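Heads up: the structure comes next, in structure tokens.
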Amino acid sequence: MKTDIEIAQEVELSPITEVAQKTLGIDPDDLELYGKYKAKFSDVLEKKVSRKKNGKLILVTAINPTPAGEGKTTVTVGLGQALGRLKKKSLICLREPSLGPCFGIKGGAAGGGYSQVVPMEDLNLHFTGDFHAITSANNLLAALLDNHIQQGNALGIDPRQITWKRCEDMNDRALRNIVIGLGSRTDGVPREDHFVITVATEIMAVLCLASDMEDLKARLSRIIVGYKYDQTPVTAADLQAVGAMAALLKDAIKPNLIQTLEHTPAIVHGGPFANIAHGCNSVRATKLGLKLADYVVTEAGFGADLGAEKFLDIKCRVAGLKPDAVVLVATARALKYNGGAPKDQLNQENIPALKAGIENLGKHIENIQKYGVPIVVALNAFVSDTEAEYKIIEEYCRERGCAFSLARVWEKGGAGGEDLAKTVLKTIKEKPSEYKPLYELDRPIREKIETICKEIYGAKEVTYAAAASKMIDKFEKMGFGNLPICIAKNQYSLSDDPTLLGRPKDFTVNIREVYVNAGAGFIVALTGTIMTMPGLPKTPAAFSIDVNEEGRITGLF
């Protein structure tokens, strides 16, 4: 069986100018090329298409996955390809992969099998340099902050109340908690500092939610980096950092265009994780896609309890988007895993485990229905699945008023997704979306947190660490009480305990830390033991990655 990278490297790519012109009607002059197969859209293009009618927006999400992932991006790509095969003007909007998972355990985010976006090596590694720009802007702000303290601290910043963290786009647990400024007097003021992974930074969120350069700079200016001795906040604008940060981000804010294995256009831009950030590609990418195509297929990270909730409660609100349908991806493997089947036995038929774990799918169906958006359950097929398993899952979905389709997009590409595409088109036609957010923004912060925890996760109660409770009170007094909530939670369970699989009940979610992303425009609540700087496993994927004398990369997946 061929690996994903072998499949990707065998396909003859079309020049990206040709893909843009043939499928989207975009003139080559409206592209800024990064070689033959990658490009950024010019700012002029957005103005040219601004008066066009929006296409239909399809969100792809998933149930809680196994540690290996269950193919949500693969289904996203396959559905986009299938719509193209049905002669629909379709386009895919994805997030950019982080280097951390590529060299860690999860792998990249280019899809898989015959439903991939390419060039997958470029996408999974440095791509067009967006993440490097975000990292640089983040760390510039950190450098200006510490330099201000070193140069006399005219603002009266309290070094014990600095909230801004440095970042890098790599899983490096040793940098979670560090001490800086050691050495001589000229080496800075010693203090405790921290690193987060780039995809968890507020700069990433700001870039993904900004509508244009003016909005980007306004959001950057509002970023809170810490507090003064008098307890008033210090912002990036106070440190005169905004202009230089925006200069570093001037190209990164432009969406990127690549293609699928079947030459369907794919806009890939921005990449916040959904377990520790808001998990959606950029607003600019999605809104531009809706002007360029009749059907836009986008994804939100991890399970629907994370990415889809944040897409529907944060991104759609900020951008004024109204999704027309949600595709909920499930696998028989993941359902058996959620039903207690051991990881090394997921390839075996196990009806009792399937019936126990299918309640996880049921909870996600209920959750999406709360937003008023029609649902299609897409069962991502694996060769180890059985017809008996398929029958149980399909009947379960239909009993709950959901359309159902078996997707074979990993194996067959767009051809394996045609039934799914037809089902989605029929659902959009017959069931108009009545999208509404889960909660109103004017509700108190605790009420919004508890609404998500109880309505989406199924928690019985929510508790708060003393420090978290104190910060909530502080943020409400500062005027941030009307912001949406972004909860950082493990992806494997509906609860904040990754070992509680299936559909856990009577559990408590503990909010251990709360902080405000004033620039991005949401409150972040950390649960359980979730980390904003992941670590590498004992045997990281990096061990298998290499490049030969011809420059051909191997081992990347």
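Ordering of the structure tokens sets the chain letters (A, B, ...), residue numbers begin anew at 1 in every chain, and ligands are numbered from 1 in the order given.
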
Self-check item: DSSP-assigned alpha helix (DSSP H) among segment 188-381 of chain A, expressed as a PyMOL selection string
Solution: chain A and resi 202-209+213-222+242-249+283-292+309-310+316-319+332-338+351-369

Practice problem: Find the spatial neighbours of Asp172 of chain A, counting only C-alpha atoms, within a cut-off of 9 Å - ignore same-chain residues fewer than 5 positions away - and output them as a list of chain:residue names. | Solution: A:Gly100, A:Phe195, A:Val196, A:Ile197, A:Met533, A:Pro534, A:Gly535, A:Leu536

Export of the given selection (N, CA and C atoms) as a PDB file, in the first residue's frame:
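The resulting result26.pdb:
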```pdb
ATOM      1  N   GLY A 100       4.856  21.296  14.625  1.00  0.00           N
ATOM      2  CA  GLY A 100       4.885  20.449  15.815  1.00  0.00           C
ATOM      3  C   GLY A 100       4.333  19.057  15.574  1.00  0.00           C
ATOM      4  N   PHE A 195       6.863  29.737  26.965  1.00  0.00           N
ATOM      5  CA  PHE A 195       6.671  29.589  25.524  1.00  0.00           C
ATOM      6  C   PHE A 195       5.344  28.875  25.270  1.00  0.00           C
ATOM      7  N   VAL A 196       4.673  29.248  24.187  1.00  0.00           N
ATOM      8  CA  VAL A 196       3.544  28.483  23.668  1.00  0.00           C
ATOM      9  C   VAL A 196       3.873  28.133  22.224  1.00  0.00           C
ATOM     10  N   ILE A 197       3.185  27.139  21.677  1.00  0.00           N
ATOM     11  CA  ILE A 197       3.378  26.823  20.273  1.00  0.00           C
ATOM     12  C   ILE A 197       2.705  27.909  19.435  1.00  0.00           C
ATOM     13  N   MET A 533       1.809  24.388  25.052  1.00  0.00           N
ATOM     14  CA  MET A 533       3.052  23.987  24.387  1.00  0.00           C
ATOM     15  C   MET A 533       3.143  22.468  24.482  1.00  0.00           C
ATOM     16  N   PRO A 534       2.784  21.746  23.410  1.00  0.00           N
ATOM     17  CA  PRO A 534       2.832  20.273  23.447  1.00  0.00           C
ATOM     18  C   PRO A 534       4.269  19.769  23.557  1.00  0.00           C
ATOM     19  N   GLY A 535       4.404  18.474  23.828  1.00  0.00           N
ATOM     20  CA  GLY A 535       5.714  17.839  23.852  1.00  0.00           C
ATOM     21  C   GLY A 535       5.796  16.751  22.800  1.00  0.00           C
ATOM     22  N   LEU A 536       6.994  16.284  22.537  1.00  0.00           N
ATOM     23  CA  LEU A 536       7.200  15.204  21.574  1.00  0.00           C
ATOM     24  C   LEU A 536       7.005  13.846  22.253  1.00  0.00           C
TER      25      LEU A 536
END
```

Exercise. Give me the residues within 7 Å of segment 358-362 of chain A as a VMD selection string, counting only C-alpha atoms and dropping any in the same chain fewer than 2 places off.
Key: chain A and resid 63 335 354 to 356 364 to 366 502 to 503

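Note that atom CA of Val206 of chain A and atom CA of Gly519 of chain A are 6.3 Å apart.
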
Exercise. Would you kindly return, as a PyMOL selection string, each protein, DNA or RNA residue with an atom no farther than 7 Å from any atom of segment 439-450 of chain A, considering only C-alpha atoms and excluding same-chain residues fewer than 2 positions away?
Key: chain A and resi 437+452-454+462+472+481-485

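For Leu249 of chain A, the non-local neighbours within 10 Å, defined as residues at least 6 positions apart in the same chain or in other chains and counting only C-alpha atoms, are A:Asp130, A:Phe131, A:His132, A:Ala133, A:Ile134, A:Thr135, A:Ser136, A:Ala137, A:Ile203, A:Leu207, A:Met213, A:Leu216, A:Lys217, A:Gly243.
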
Output N, CA, C and O atoms for every residue in the selection just made, as a compact mmCIF listing (two decimals), in the first residue's frame.
```txt
# COMPACT_ATOMS: atom_id res chain seq x y z
N ASP A 130 4.02 31.84 6.37
CA ASP A 130 3.06 32.54 7.23
C ASP A 130 3.35 32.32 8.72
O ASP A 130 3.32 33.26 9.52
N PHE A 131 3.62 31.06 9.08
CA PHE A 131 3.84 30.76 10.51
C PHE A 131 5.13 31.38 11.02
O PHE A 131 5.23 31.77 12.19
N HIS A 132 6.12 31.47 10.14
CA HIS A 132 7.37 32.12 10.55
C HIS A 132 7.12 33.61 10.81
O HIS A 132 7.67 34.19 11.75
N ALA A 133 6.29 34.22 9.98
CA ALA A 133 5.96 35.64 10.17
C ALA A 133 5.20 35.84 11.48
O ALA A 133 5.46 36.81 12.23
N ILE A 134 4.26 34.95 11.76
CA ILE A 134 3.50 35.05 13.00
C ILE A 134 4.42 34.87 14.21
O ILE A 134 4.34 35.62 15.20
N THR A 135 5.31 33.88 14.14
CA THR A 135 6.28 33.67 15.21
C THR A 135 7.15 34.90 15.43
O THR A 135 7.38 35.32 16.57
N SER A 136 7.60 35.49 14.34
CA SER A 136 8.47 36.67 14.44
C SER A 136 7.73 37.85 15.05
O SER A 136 8.29 38.58 15.88
N ALA A 137 6.48 38.07 14.64
CA ALA A 137 5.70 39.18 15.18
C ALA A 137 5.46 38.99 16.67
O ALA A 137 5.54 39.94 17.47
N ILE A 203 -1.47 36.12 18.23
CA ILE A 203 -1.17 36.65 16.89
C ILE A 203 -1.81 35.77 15.82
O ILE A 203 -2.35 36.27 14.83
N LEU A 207 -4.60 37.18 13.24
CA LEU A 207 -4.45 37.07 11.79
C LEU A 207 -5.65 36.38 11.18
O LEU A 207 -6.15 36.78 10.12
N MET A 213 -5.99 44.79 6.55
CA MET A 213 -4.82 45.31 7.26
C MET A 213 -5.21 46.32 8.34
O MET A 213 -4.64 46.32 9.44
N LEU A 216 -6.47 44.31 11.16
CA LEU A 216 -5.33 43.62 11.77
C LEU A 216 -4.59 44.54 12.73
O LEU A 216 -4.31 44.16 13.88
N LYS A 217 -4.28 45.75 12.29
CA LYS A 217 -3.54 46.69 13.14
C LYS A 217 -4.36 47.10 14.36
O LYS A 217 -3.82 47.26 15.47
N GLY A 243 3.05 48.91 14.38
CA GLY A 243 3.50 49.10 13.01
C GLY A 243 4.50 48.06 12.57
O GLY A 243 4.39 47.49 11.47
```

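Residues in contact with Arg219 of chain A at up to 10 Å, not including ones fewer than 5 positions away on its chain and judged by only C-alpha atoms, are Glu202, Ile203, Ala205, Val206, Leu207, Leu209, Ala210, Met213, Glu214, Ala236, Ala237, Val242, Asn517, Ala518, Gly519, Ala520 and Gly521 of chain A.
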
Only all heavy atoms, please: the residues just picked out, written as a short mmCIF file (atom, residue, chain, number, x, y, z; two decimals), in the first residue's frame.
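Output file again_32.cif is given in full below:
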```
data_model
loop_
_atom_site.label_atom_id
_atom_site.label_comp_id
_atom_site.auth_asym_id
_atom_site.auth_seq_id
_atom_site.Cartn_x
_atom_site.Cartn_y
_atom_site.Cartn_z
N GLU A 202 -1.97 34.45 20.35
CA GLU A 202 -3.00 35.41 20.01
C GLU A 202 -2.74 36.03 18.63
O GLU A 202 -3.69 36.39 17.93
CB GLU A 202 -3.10 36.50 21.06
CG GLU A 202 -4.26 37.46 20.81
CD GLU A 202 -4.51 38.45 21.93
OE1 GLU A 202 -3.76 38.43 22.93
OE2 GLU A 202 -5.46 39.24 21.79
N ILE A 203 -1.47 36.12 18.23
CA ILE A 203 -1.17 36.65 16.89
C ILE A 203 -1.81 35.77 15.82
O ILE A 203 -2.35 36.27 14.83
CB ILE A 203 0.35 36.76 16.66
CG1 ILE A 203 1.01 37.64 17.73
CG2 ILE A 203 0.63 37.35 15.27
CD1 ILE A 203 0.63 39.08 17.70
N ALA A 205 -4.51 33.96 16.18
CA ALA A 205 -5.95 34.23 16.23
C ALA A 205 -6.29 35.56 15.58
O ALA A 205 -7.27 35.69 14.84
CB ALA A 205 -6.43 34.20 17.67
N VAL A 206 -5.47 36.57 15.86
CA VAL A 206 -5.69 37.90 15.28
C VAL A 206 -5.63 37.85 13.77
O VAL A 206 -6.49 38.40 13.06
CB VAL A 206 -4.66 38.90 15.84
CG1 VAL A 206 -4.59 40.16 14.98
CG2 VAL A 206 -5.00 39.27 17.28
N LEU A 207 -4.60 37.18 13.24
CA LEU A 207 -4.45 37.07 11.79
C LEU A 207 -5.65 36.38 11.18
O LEU A 207 -6.15 36.78 10.12
CB LEU A 207 -3.17 36.31 11.45
CG LEU A 207 -2.89 36.19 9.95
CD1 LEU A 207 -1.90 37.27 9.52
CD2 LEU A 207 -2.35 34.81 9.59
N LEU A 209 -8.73 36.19 12.30
CA LEU A 209 -10.02 36.87 12.47
C LEU A 209 -10.04 38.26 11.84
O LEU A 209 -11.11 38.86 11.73
CB LEU A 209 -10.36 36.97 13.96
CG LEU A 209 -10.64 35.62 14.65
CD1 LEU A 209 -10.79 35.81 16.15
CD2 LEU A 209 -11.89 34.97 14.08
N ALA A 210 -8.89 38.78 11.43
CA ALA A 210 -8.82 40.12 10.86
C ALA A 210 -9.40 40.15 9.45
O ALA A 210 -9.15 39.25 8.65
CB ALA A 210 -7.38 40.62 10.84
N MET A 213 -5.99 44.79 6.55
CA MET A 213 -4.82 45.31 7.26
C MET A 213 -5.21 46.32 8.34
O MET A 213 -4.64 46.32 9.44
CB MET A 213 -3.85 45.95 6.26
CG MET A 213 -2.60 46.56 6.91
SD MET A 213 -1.64 45.40 7.94
CE MET A 213 -0.88 44.39 6.67
N GLU A 214 -6.20 47.14 8.07
CA GLU A 214 -6.64 48.10 9.07
C GLU A 214 -7.19 47.40 10.31
O GLU A 214 -6.88 47.76 11.45
CB GLU A 214 -7.72 49.02 8.48
CG GLU A 214 -8.21 50.11 9.43
CD GLU A 214 -9.28 50.99 8.82
OE1 GLU A 214 -9.63 50.80 7.63
OE2 GLU A 214 -9.78 51.89 9.53
N ALA A 236 0.00 46.31 23.29
CA ALA A 236 1.01 46.42 22.24
C ALA A 236 1.11 47.85 21.72
O ALA A 236 2.20 48.31 21.35
CB ALA A 236 0.67 45.47 21.09
N ALA A 237 0.00 48.56 21.72
CA ALA A 237 0.03 49.97 21.31
C ALA A 237 0.85 50.80 22.28
O ALA A 237 1.60 51.69 21.86
CB ALA A 237 -1.40 50.52 21.23
N VAL A 242 2.93 48.10 17.15
CA VAL A 242 1.94 47.70 16.16
C VAL A 242 2.44 47.80 14.73
O VAL A 242 2.28 46.88 13.92
CB VAL A 242 0.64 48.51 16.34
CG1 VAL A 242 -0.37 48.17 15.24
CG2 VAL A 242 0.04 48.25 17.72
N ASN A 517 -7.86 37.37 25.34
CA ASN A 517 -7.21 37.73 24.08
C ASN A 517 -7.96 38.95 23.54
O ASN A 517 -8.88 38.83 22.73
CB ASN A 517 -7.28 36.57 23.09
CG ASN A 517 -6.20 35.54 23.33
OD1 ASN A 517 -5.32 35.72 24.16
ND2 ASN A 517 -6.27 34.43 22.63
N ALA A 518 -7.58 40.11 24.05
CA ALA A 518 -8.32 41.33 23.72
C ALA A 518 -8.21 41.71 22.26
O ALA A 518 -9.11 42.34 21.69
CB ALA A 518 -7.84 42.48 24.62
N GLY A 519 -7.09 41.36 21.64
CA GLY A 519 -6.91 41.65 20.22
C GLY A 519 -7.75 40.73 19.35
O GLY A 519 -8.45 41.17 18.44
N ALA A 520 -7.69 39.45 19.65
CA ALA A 520 -8.51 38.48 18.91
C ALA A 520 -9.99 38.69 19.20
O ALA A 520 -10.84 38.53 18.33
CB ALA A 520 -8.10 37.06 19.27
N GLY A 521 -10.27 39.05 20.45
CA GLY A 521 -11.66 39.32 20.82
C GLY A 521 -12.38 38.15 21.43
O GLY A 521 -13.56 37.93 21.14
#
```

Quiz item: Between A:Leu145, A:Leu45, A:Ile105, A:Val514, which is the closest to Asp473 of chain A once you count only C-alpha atoms?
Solution: A:Val514

Exercise. Would you kindly return, as a VMD selection string, each protein, DNA or RNA residue with an atom no farther than 7 Å from any atom of segment 257-261 of chain A, considering only C-alpha atoms and excluding same-chain residues fewer than 3 positions away?
Key: chain A and resid 11 16 37 to 40 114 to 118 264 to 268

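Across the model, the gap from atom CA of Gln369 of chain A to atom CA of Cys402 of chain A is 9.7 Å.
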
Quiz prompt | Proximity to Lys422 of chain A - best of A:Arg400, A:Lys87, A:Lys315, A:Lys391, only C-alpha atoms | solution = A:Lys87

Exercise. Counting only C-alpha atoms, figure out which residue out of A:Val516, A:Leu141, A:Val75, A:Leu31 gets nearest to Glu46 of chain A.
Key: A:Leu31

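Distance check against Gly340 of chain A using only C-alpha atoms: of A:Arg173, A:Gly416, A:Ile157, A:Leu501, the minimum falls on A:Leu501.
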
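Using only C-alpha atoms, the nearest neighbour of Ser433 of chain A within the list A:Val326, A:Ala403, A:Val409, A:Ala319 is A:Val326.
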
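Here atom CA of Arg191 of chain A stands at a distance of 28.0 Å from atom CA of Ile487 of chain A.
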
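In this comparison, which uses only C-alpha atoms, the residue of A:Ile58, A:Thr427, A:Tyr515, A:Asn367 approaching Ile223 of chain A most closely is A:Tyr515.
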